[in-house]
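Written below as structure tokens is the structure these notes are about.
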Amino acid sequence: MADTTTEQIFDIVTDDTGADPDLPQPAQEAEPGSFLRHVLSLSASKIADGLIDPKLVLSWLLTHLGAGAFWTGLLVPVREAGALLPQLFTTPFITRARIRKWFWAGGAFVQGISAAGIAIAALTLEGWLAGAVIVGLLAVLALARSVCSASYKDILGKTVGKSRRGTATGFASSAAALGVIVFAIVLMSGIGDRYVLVEGAILLAAGLWVLAALVFATMDEAPSDEDSAANGLAQFSLLRERPQLARFIIVRSLLVGTALAPPYLVMLQPDGAFGQLGALVLASAVASLLSSYVWGRLSDRSSRRVLQLAGLAGGAVLAAMVVLALTGIATVPGVIPVVLFGLMIAYHGVRQGRSTHLVDMAGPEDRASYTALSNTIVGLVLLVAGAGFAAIAAFSVPLVIGLFAAMCFGAAMIAAGLDEVQHG
């Protein structure tokens, strides 16, 4: 009965149950269960991400604790770059293992422990010490996330068919958004103290990561046959040998503005934006709910086109934000959450498009190396861009947002030269 129910749910969600010839026979037979395990574990992990979002929730928390601008400003770069940079060096260790699900499960578990540490630090510390400890724990969380990221796409490619990978990740993102929406509504309702609610949300995130680890550990993963990843810096030779990979990394690097821009939107209304924490979290979560599944299904048809559309959408929203800032409209209550909503729709398009494109572009022997090299380079871009744009923001925040818009438009143009990997 359980197997029949699993297959029925799989049929309803995917609407595409044809066997993928690229999957070995045991993986084809286990695919319905594997698909649902991906959805459940990713949903729990993504809800946790939303509850502990450095761009909004942790920024508010450090501001509340009086940690200062220095530590608050480190949150997003540490979280984003820390999750990407180490992958070039961790991937060779991962690809030596025949069964790789334990890396993802272990990474999720460590994220849960780190989140619990953040909650305890916020309860017991304040000022710069709270900021230093929380940023340090966030760095550990980001490193654990890098292990999850480096191992995930390879596991997804081994357990779910090509035409259903974007659907799995997109469905998980939309399902997770519902949980974050509930959190946002509670924040907006005025029920209880906001600090207590944020603390409770971070503890809940810790539990969800542990749950995700337990679910993922039950994945039916076929053993890998070989260690296919080049070691460390040798993987940079792929940029010369694989021009499509190089083009993809350029596109993805130009689209980092969709991730870096939210704190700059908040800077346009520093006195009132964090008072709208619930509205900002709600706008981000609703955008994920409405767009992630759709972006995922579109990515299964053409991830190249999704990257183009997401770049155009992100550029348009950010360009509109510049106009609103220069005309003074950005300070009107409610404007920033509306703009953030539009930006997050583009951001989730970037996430779904880049993930699906990378998995489908790479063969089984290249998938781990492609993922590690791409993430490491983008991590470097995030660090450099984060520092550079922070310096520019001291002179003009609208200029930074305008540069992000230009980068998004440039990414859309360059993405036109990517291959249609879903039809290869």
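Labeling convention for the structure tokens: chains A, B, ... as they appear, residues from 1 per chain, ligands from 1 in order of appearance.
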
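Excluding A:Val400 itself and any same-chain residue fewer than 6 positions from it, the protein and nucleic acid residues within 9 Å of it, counting only C-alpha atoms, are Ala261, Tyr264, Phe389, Ala390, Ile392 and Ala393 of chain A.
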
If you keep C-alpha atoms, can you produce a file of those selected residues as an mmCIF file, in the first residue's frame?
data_model
loop_
_atom_site.group_PDB
_atom_site.id
_atom_site.type_symbol
_atom_site.label_atom_id
_atom_site.label_comp_id
_atom_site.auth_asym_id
_atom_site.auth_seq_id
_atom_site.Cartn_x
_atom_site.Cartn_y
_atom_site.Cartn_z
ATOM 1 C CA ALA A 261 20.311 43.226 -3.499
ATOM 2 C CA TYR A 264 20.423 47.379 -0.179
ATOM 3 C CA PHE A 389 29.384 47.096 -3.695
ATOM 4 C CA ALA A 390 29.483 47.772 0.042
ATOM 5 C CA ILE A 392 30.115 51.946 -3.429
ATOM 6 C CA ALA A 393 27.018 51.995 -1.219
#

**OP:** Would you please give, as a VMD selection string, all residues of stretch 175-339 of chain A that DSSP assigns to helix (DSSP H, G or I) based on the backbone?
**Re:** chain A and resid 175 to 189 194 to 216 232 to 241 243 to 254 257 to 267 274 to 326 329 to 331 335 to 339

**OP:** Provide the atom CA of A:Ser189 to atom CA of A:Leu61 distance in Å, to one decimal place.
**Re:** 18.4 Å

Subject >> Residue neighbourhood A:Gly296, 10 Å, only C-alpha atoms, exclusion window fewer than 2 positions, as a VMD selection string >> reply: chain A and resid 164 to 174 291 to 294 298 to 303 306 348 to 349 351 to 353 355 to 356

**OP:** Identify, on the basis of only C-alpha atoms, every residue whose closest approach to A:Val78 does not exceed 12 Å; exclude the query and any residue fewer than 2 positions from it along the same chain; express the result as a VMD selection string.
**Re:** chain A and resid 54 to 55 71 to 76 80 to 85 132 134 to 143 145 to 146 260 379 to 380 382 to 384 386 to 387

Identify, on the basis of only C-alpha atoms, every residue whose closest approach to stretch 153-162 of chain A does not exceed 7 Å; exclude the query and any residue fewer than 2 positions from it along the same chain; express the result as a PDB file with all heavy atoms, in the first residue's frame.
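The resulting file, result_4.pdb, is shown below:
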ATOM      1  N   ASP A  20      13.398   7.048 -17.293  1.00  0.00           N
ATOM      2  CA  ASP A  20      14.546   7.772 -17.843  1.00  0.00           C
ATOM      3  C   ASP A  20      15.638   6.748 -18.164  1.00  0.00           C
ATOM      4  O   ASP A  20      16.172   6.109 -17.253  1.00  0.00           O
ATOM      5  CB  ASP A  20      15.055   8.791 -16.826  1.00  0.00           C
ATOM      6  CG  ASP A  20      16.144   9.695 -17.387  1.00  0.00           C
ATOM      7  OD1 ASP A  20      16.818   9.277 -18.339  1.00  0.00           O
ATOM      8  OD2 ASP A  20      16.314  10.806 -16.863  1.00  0.00           O
ATOM      9  N   LEU A  23      18.961   6.591 -16.151  1.00  0.00           N
ATOM     10  CA  LEU A  23      19.021   6.012 -14.818  1.00  0.00           C
ATOM     11  C   LEU A  23      19.155   4.496 -14.915  1.00  0.00           C
ATOM     12  O   LEU A  23      18.495   3.859 -15.748  1.00  0.00           O
ATOM     13  CB  LEU A  23      17.748   6.341 -14.025  1.00  0.00           C
ATOM     14  CG  LEU A  23      17.505   7.793 -13.616  1.00  0.00           C
ATOM     15  CD1 LEU A  23      16.171   7.908 -12.880  1.00  0.00           C
ATOM     16  CD2 LEU A  23      18.630   8.314 -12.743  1.00  0.00           C
ATOM     17  N   ALA A  27      17.523   2.309 -10.009  1.00  0.00           N
ATOM     18  CA  ALA A  27      17.157   3.694  -9.723  1.00  0.00           C
ATOM     19  C   ALA A  27      15.801   4.032 -10.333  1.00  0.00           C
ATOM     20  O   ALA A  27      15.026   4.798  -9.744  1.00  0.00           O
ATOM     21  CB  ALA A  27      18.224   4.647 -10.248  1.00  0.00           C
ATOM     22  N   GLU A  31      12.613   5.333  -8.168  1.00  0.00           N
ATOM     23  CA  GLU A  31      12.468   6.774  -8.392  1.00  0.00           C
ATOM     24  C   GLU A  31      11.292   7.412  -7.671  1.00  0.00           C
ATOM     25  O   GLU A  31      11.442   8.507  -7.108  1.00  0.00           O
ATOM     26  CB  GLU A  31      12.413   7.099  -9.882  1.00  0.00           C
ATOM     27  CG  GLU A  31      12.442   8.598 -10.125  1.00  0.00           C
ATOM     28  CD  GLU A  31      12.339   8.980 -11.600  1.00  0.00           C
ATOM     29  OE1 GLU A  31      12.219   8.074 -12.441  1.00  0.00           O
ATOM     30  OE2 GLU A  31      12.362  10.190 -11.886  1.00  0.00           O
ATOM     31  N   SER A  34      12.397   7.916  -4.157  1.00  0.00           N
ATOM     32  CA  SER A  34      13.517   8.865  -4.120  1.00  0.00           C
ATOM     33  C   SER A  34      13.025  10.281  -4.359  1.00  0.00           C
ATOM     34  O   SER A  34      13.472  11.225  -3.690  1.00  0.00           O
ATOM     35  CB  SER A  34      14.555   8.482  -5.185  1.00  0.00           C
ATOM     36  OG  SER A  34      15.104   7.209  -4.927  1.00  0.00           O
ATOM     37  N   PHE A  35      12.115  10.449  -5.323  1.00  0.00           N
ATOM     38  CA  PHE A  35      11.569  11.774  -5.631  1.00  0.00           C
ATOM     39  C   PHE A  35      10.922  12.380  -4.388  1.00  0.00           C
ATOM     40  O   PHE A  35      11.167  13.547  -4.049  1.00  0.00           O
ATOM     41  CB  PHE A  35      10.544  11.634  -6.762  1.00  0.00           C
ATOM     42  CG  PHE A  35       9.882  12.918  -7.155  1.00  0.00           C
ATOM     43  CD1 PHE A  35      10.416  13.715  -8.160  1.00  0.00           C
ATOM     44  CD2 PHE A  35       8.713  13.343  -6.537  1.00  0.00           C
ATOM     45  CE1 PHE A  35       9.807  14.906  -8.530  1.00  0.00           C
ATOM     46  CE2 PHE A  35       8.098  14.530  -6.893  1.00  0.00           C
ATOM     47  CZ  PHE A  35       8.643  15.312  -7.901  1.00  0.00           C
ATOM     48  N   ARG A 100      26.985   8.643  -1.494  1.00  0.00           N
ATOM     49  CA  ARG A 100      27.254  10.047  -1.170  1.00  0.00           C
ATOM     50  C   ARG A 100      26.139  10.741  -0.395  1.00  0.00           C
ATOM     51  O   ARG A 100      26.266  11.900  -0.038  1.00  0.00           O
ATOM     52  CB  ARG A 100      27.557  10.803  -2.468  1.00  0.00           C
ATOM     53  CG  ARG A 100      28.808  10.243  -3.136  1.00  0.00           C
ATOM     54  CD  ARG A 100      28.982  10.650  -4.568  1.00  0.00           C
ATOM     55  NE  ARG A 100      30.131   9.931  -5.152  1.00  0.00           N
ATOM     56  CZ  ARG A 100      30.483   9.979  -6.421  1.00  0.00           C
ATOM     57  NH1 ARG A 100      29.790  10.717  -7.283  1.00  0.00           N
ATOM     58  NH2 ARG A 100      31.512   9.288  -6.861  1.00  0.00           N
ATOM     59  N   LYS A 101      25.058  10.018  -0.149  1.00  0.00           N
ATOM     60  CA  LYS A 101      23.948  10.641   0.575  1.00  0.00           C
ATOM     61  C   LYS A 101      24.347  11.033   1.996  1.00  0.00           C
ATOM     62  O   LYS A 101      23.775  11.955   2.576  1.00  0.00           O
ATOM     63  CB  LYS A 101      22.747   9.702   0.627  1.00  0.00           C
ATOM     64  CG  LYS A 101      22.980   8.431   1.433  1.00  0.00           C
ATOM     65  CD  LYS A 101      21.756   7.532   1.403  1.00  0.00           C
ATOM     66  CE  LYS A 101      21.983   6.273   2.242  1.00  0.00           C
ATOM     67  NZ  LYS A 101      20.789   5.393   2.189  1.00  0.00           N
ATOM     68  N   SER A 151      27.423  17.768  -2.842  1.00  0.00           N
ATOM     69  CA  SER A 151      26.996  16.378  -3.019  1.00  0.00           C
ATOM     70  C   SER A 151      25.613  16.253  -3.636  1.00  0.00           C
ATOM     71  O   SER A 151      25.295  15.226  -4.260  1.00  0.00           O
ATOM     72  CB  SER A 151      27.006  15.655  -1.662  1.00  0.00           C
ATOM     73  OG  SER A 151      26.137  16.300  -0.739  1.00  0.00           O
ATOM     74  N   ARG A 164      12.338  15.370 -14.494  1.00  0.00           N
ATOM     75  CA  ARG A 164      11.614  15.585 -13.238  1.00  0.00           C
ATOM     76  C   ARG A 164      12.473  16.249 -12.163  1.00  0.00           C
ATOM     77  O   ARG A 164      12.007  16.473 -11.051  1.00  0.00           O
ATOM     78  CB  ARG A 164      11.071  14.248 -12.720  1.00  0.00           C
ATOM     79  CG  ARG A 164      10.022  13.647 -13.644  1.00  0.00           C
ATOM     80  CD  ARG A 164       9.575  12.281 -13.181  1.00  0.00           C
ATOM     81  NE  ARG A 164      10.535  11.237 -13.504  1.00  0.00           N
ATOM     82  CZ  ARG A 164      10.572  10.580 -14.660  1.00  0.00           C
ATOM     83  NH1 ARG A 164       9.707  10.871 -15.609  1.00  0.00           N
ATOM     84  NH2 ARG A 164      11.455   9.635 -14.880  1.00  0.00           N
ATOM     85  N   ARG A 165      13.723  16.569 -12.482  1.00  0.00           N
ATOM     86  CA  ARG A 165      14.615  17.139 -11.462  1.00  0.00           C
ATOM     87  C   ARG A 165      14.196  18.548 -11.065  1.00  0.00           C
ATOM     88  O   ARG A 165      14.156  18.902  -9.880  1.00  0.00           O
ATOM     89  CB  ARG A 165      16.055  17.126 -11.965  1.00  0.00           C
ATOM     90  CG  ARG A 165      16.606  15.722 -12.125  1.00  0.00           C
ATOM     91  CD  ARG A 165      17.887  15.680 -12.926  1.00  0.00           C
ATOM     92  NE  ARG A 165      18.262  14.310 -13.244  1.00  0.00           N
ATOM     93  CZ  ARG A 165      19.104  13.973 -14.218  1.00  0.00           C
ATOM     94  NH1 ARG A 165      19.647  14.914 -14.975  1.00  0.00           N
ATOM     95  NH2 ARG A 165      19.394  12.706 -14.445  1.00  0.00           N
ATOM     96  N   GLU A 221      20.138   5.068  -2.833  1.00  0.00           N
ATOM     97  CA  GLU A 221      21.134   5.564  -3.783  1.00  0.00           C
ATOM     98  C   GLU A 221      22.013   4.423  -4.279  1.00  0.00           C
ATOM     99  O   GLU A 221      22.588   3.674  -3.477  1.00  0.00           O
ATOM    100  CB  GLU A 221      22.004   6.624  -3.110  1.00  0.00           C
ATOM    101  CG  GLU A 221      23.096   7.182  -4.006  1.00  0.00           C
ATOM    102  CD  GLU A 221      24.147   7.964  -3.240  1.00  0.00           C
ATOM    103  OE1 GLU A 221      23.990   8.140  -2.011  1.00  0.00           O
ATOM    104  OE2 GLU A 221      25.136   8.397  -3.871  1.00  0.00           O
ATOM    105  N   VAL A 359      22.829  20.402 -13.740  1.00  0.00           N
ATOM    106  CA  VAL A 359      22.654  18.955 -13.643  1.00  0.00           C
ATOM    107  C   VAL A 359      22.466  18.339 -15.023  1.00  0.00           C
ATOM    108  O   VAL A 359      23.052  17.305 -15.348  1.00  0.00           O
ATOM    109  CB  VAL A 359      21.466  18.605 -12.724  1.00  0.00           C
ATOM    110  CG1 VAL A 359      21.193  17.106 -12.747  1.00  0.00           C
ATOM    111  CG2 VAL A 359      21.750  19.049 -11.298  1.00  0.00           C
ATOM    112  N   ASP A 360      21.650  18.980 -15.861  1.00  0.00           N
ATOM    113  CA  ASP A 360      21.354  18.417 -17.178  1.00  0.00           C
ATOM    114  C   ASP A 360      22.490  18.639 -18.175  1.00  0.00           C
ATOM    115  O   ASP A 360      22.634  17.881 -19.134  1.00  0.00           O
ATOM    116  CB  ASP A 360      20.057  19.022 -17.722  1.00  0.00           C
ATOM    117  CG  ASP A 360      18.829  18.552 -16.950  1.00  0.00           C
ATOM    118  OD1 ASP A 360      18.990  17.643 -16.106  1.00  0.00           O
ATOM    119  OD2 ASP A 360      17.730  19.090 -17.177  1.00  0.00           O
ATOM    120  N   ARG A 367      29.450  15.747 -13.258  1.00  0.00           N
ATOM    121  CA  ARG A 367      28.494  16.539 -12.491  1.00  0.00           C
ATOM    122  C   ARG A 367      29.107  17.136 -11.222  1.00  0.00           C
ATOM    123  O   ARG A 367      28.921  18.315 -10.916  1.00  0.00           O
ATOM    124  CB  ARG A 367      27.282  15.666 -12.155  1.00  0.00           C
ATOM    125  CG  ARG A 367      26.043  16.441 -11.744  1.00  0.00           C
ATOM    126  CD  ARG A 367      24.843  15.514 -11.685  1.00  0.00           C
ATOM    127  NE  ARG A 367      24.349  15.177 -13.018  1.00  0.00           N
ATOM    128  CZ  ARG A 367      24.107  13.943 -13.446  1.00  0.00           C
ATOM    129  NH1 ARG A 367      24.350  12.919 -12.664  1.00  0.00           N
ATOM    130  NH2 ARG A 367      23.647  13.731 -14.654  1.00  0.00           N
ATOM    131  N   ALA A 368      29.852  16.323 -10.476  1.00  0.00           N
ATOM    132  CA  ALA A 368      30.434  16.822  -9.223  1.00  0.00           C
ATOM    133  C   ALA A 368      31.478  17.905  -9.490  1.00  0.00           C
ATOM    134  O   ALA A 368      31.531  18.918  -8.783  1.00  0.00           O
ATOM    135  CB  ALA A 368      31.050  15.660  -8.441  1.00  0.00           C
TER     136      ALA A 368
END

Tell me which protein, DNA and RNA residues are within 10 Å of A:Pro398, counting only C-alpha atoms, leaving out same-chain ones fewer than 2 positions away, and put them as a PDB file with N, CA and C atoms, in the first residue's frame.
ATOM      1  N   TYR A 264      20.329  46.018   0.364  1.00  0.00           N
ATOM      2  CA  TYR A 264      20.423  47.379  -0.179  1.00  0.00           C
ATOM      3  C   TYR A 264      19.037  48.005  -0.333  1.00  0.00           C
ATOM      4  N   LEU A 265      18.034  47.170  -0.594  1.00  0.00           N
ATOM      5  CA  LEU A 265      16.659  47.687  -0.610  1.00  0.00           C
ATOM      6  C   LEU A 265      16.294  48.197   0.781  1.00  0.00           C
ATOM      7  N   MET A 267      18.324  49.338   2.990  1.00  0.00           N
ATOM      8  CA  MET A 267      19.083  50.566   3.286  1.00  0.00           C
ATOM      9  C   MET A 267      18.384  51.818   2.767  1.00  0.00           C
ATOM     10  N   LEU A 268      17.504  51.657   1.802  1.00  0.00           N
ATOM     11  CA  LEU A 268      16.794  52.817   1.273  1.00  0.00           C
ATOM     12  C   LEU A 268      15.773  53.356   2.257  1.00  0.00           C
ATOM     13  N   LEU A 318      14.948  45.735 -10.466  1.00  0.00           N
ATOM     14  CA  LEU A 318      15.988  46.563  -9.855  1.00  0.00           C
ATOM     15  C   LEU A 318      16.076  47.941 -10.512  1.00  0.00           C
ATOM     16  N   ALA A 319      15.888  47.983 -11.826  1.00  0.00           N
ATOM     17  CA  ALA A 319      15.880  49.283 -12.511  1.00  0.00           C
ATOM     18  C   ALA A 319      14.705  50.130 -12.026  1.00  0.00           C
ATOM     19  N   MET A 321      13.403  49.944  -9.111  1.00  0.00           N
ATOM     20  CA  MET A 321      13.729  50.361  -7.752  1.00  0.00           C
ATOM     21  C   MET A 321      14.599  51.605  -7.758  1.00  0.00           C
ATOM     22  N   VAL A 322      15.502  51.706  -8.708  1.00  0.00           N
ATOM     23  CA  VAL A 322      16.341  52.907  -8.822  1.00  0.00           C
ATOM     24  C   VAL A 322      15.476  54.133  -9.072  1.00  0.00           C
ATOM     25  N   VAL A 323      14.523  54.002  -9.981  1.00  0.00           N
ATOM     26  CA  VAL A 323      13.624  55.120 -10.286  1.00  0.00           C
ATOM     27  C   VAL A 323      12.826  55.508  -9.040  1.00  0.00           C
ATOM     28  N   LEU A 324      12.312  54.504  -8.317  1.00  0.00           N
ATOM     29  CA  LEU A 324      11.538  54.780  -7.103  1.00  0.00           C
ATOM     30  C   LEU A 324      12.402  55.463  -6.042  1.00  0.00           C
ATOM     31  N   ALA A 325      13.671  55.062  -5.955  1.00  0.00           N
ATOM     32  CA  ALA A 325      14.558  55.670  -4.968  1.00  0.00           C
ATOM     33  C   ALA A 325      14.867  57.118  -5.319  1.00  0.00           C
ATOM     34  N   LEU A 326      15.130  57.377  -6.587  1.00  0.00           N
ATOM     35  CA  LEU A 326      15.499  58.729  -7.005  1.00  0.00           C
ATOM     36  C   LEU A 326      14.325  59.698  -6.920  1.00  0.00           C
ATOM     37  N   ILE A 392      30.860  51.009  -2.573  1.00  0.00           N
ATOM     38  CA  ILE A 392      30.115  51.946  -3.429  1.00  0.00           C
ATOM     39  C   ILE A 392      28.874  52.464  -2.714  1.00  0.00           C
ATOM     40  N   ALA A 393      28.254  51.604  -1.911  1.00  0.00           N
ATOM     41  CA  ALA A 393      27.018  51.995  -1.219  1.00  0.00           C
ATOM     42  C   ALA A 393      27.250  53.140  -0.244  1.00  0.00           C
ATOM     43  N   PHE A 395      28.631  55.753  -0.909  1.00  0.00           N
ATOM     44  CA  PHE A 395      28.405  56.965  -1.695  1.00  0.00           C
ATOM     45  C   PHE A 395      26.986  57.025  -2.261  1.00  0.00           C
ATOM     46  N   SER A 396      26.484  55.842  -2.749  1.00  0.00           N
ATOM     47  CA  SER A 396      25.161  55.859  -3.367  1.00  0.00           C
ATOM     48  C   SER A 396      24.573  54.452  -3.419  1.00  0.00           C
ATOM     49  N   VAL A 400      24.390  51.251  -6.597  1.00  0.00           N
ATOM     50  CA  VAL A 400      24.636  49.818  -6.429  1.00  0.00           C
ATOM     51  C   VAL A 400      23.482  49.018  -7.033  1.00  0.00           C
ATOM     52  N   ILE A 401      22.272  49.419  -6.717  1.00  0.00           N
ATOM     53  CA  ILE A 401      21.108  48.699  -7.239  1.00  0.00           C
ATOM     54  C   ILE A 401      21.069  48.794  -8.760  1.00  0.00           C
ATOM     55  N   GLY A 402      21.433  49.949  -9.308  1.00  0.00           N
ATOM     56  CA  GLY A 402      21.489  50.100 -10.757  1.00  0.00           C
ATOM     57  C   GLY A 402      22.532  49.188 -11.389  1.00  0.00           C
ATOM     58  N   LEU A 403      23.679  49.014 -10.726  1.00  0.00           N
ATOM     59  CA  LEU A 403      24.701  48.098 -11.235  1.00  0.00           C
ATOM     60  C   LEU A 403      24.201  46.659 -11.212  1.00  0.00           C
ATOM     61  N   PHE A 404      23.481  46.290 -10.160  1.00  0.00           N
ATOM     62  CA  PHE A 404      22.886  44.957 -10.122  1.00  0.00           C
ATOM     63  C   PHE A 404      21.930  44.759 -11.300  1.00  0.00           C
TER      64      PHE A 404
END

Subject >> Of the listed residues A:Leu62, A:Val182, A:Ala177, A:Val198, that which approaches A:Val133 most closely, counting only C-alpha atoms >> reply: A:Leu62

Original post:
What is the distance, in Å and to one decimal place, between atom CA of A:Ala108 and atom CA of A:Val57?
Top reply: 19.7 Å
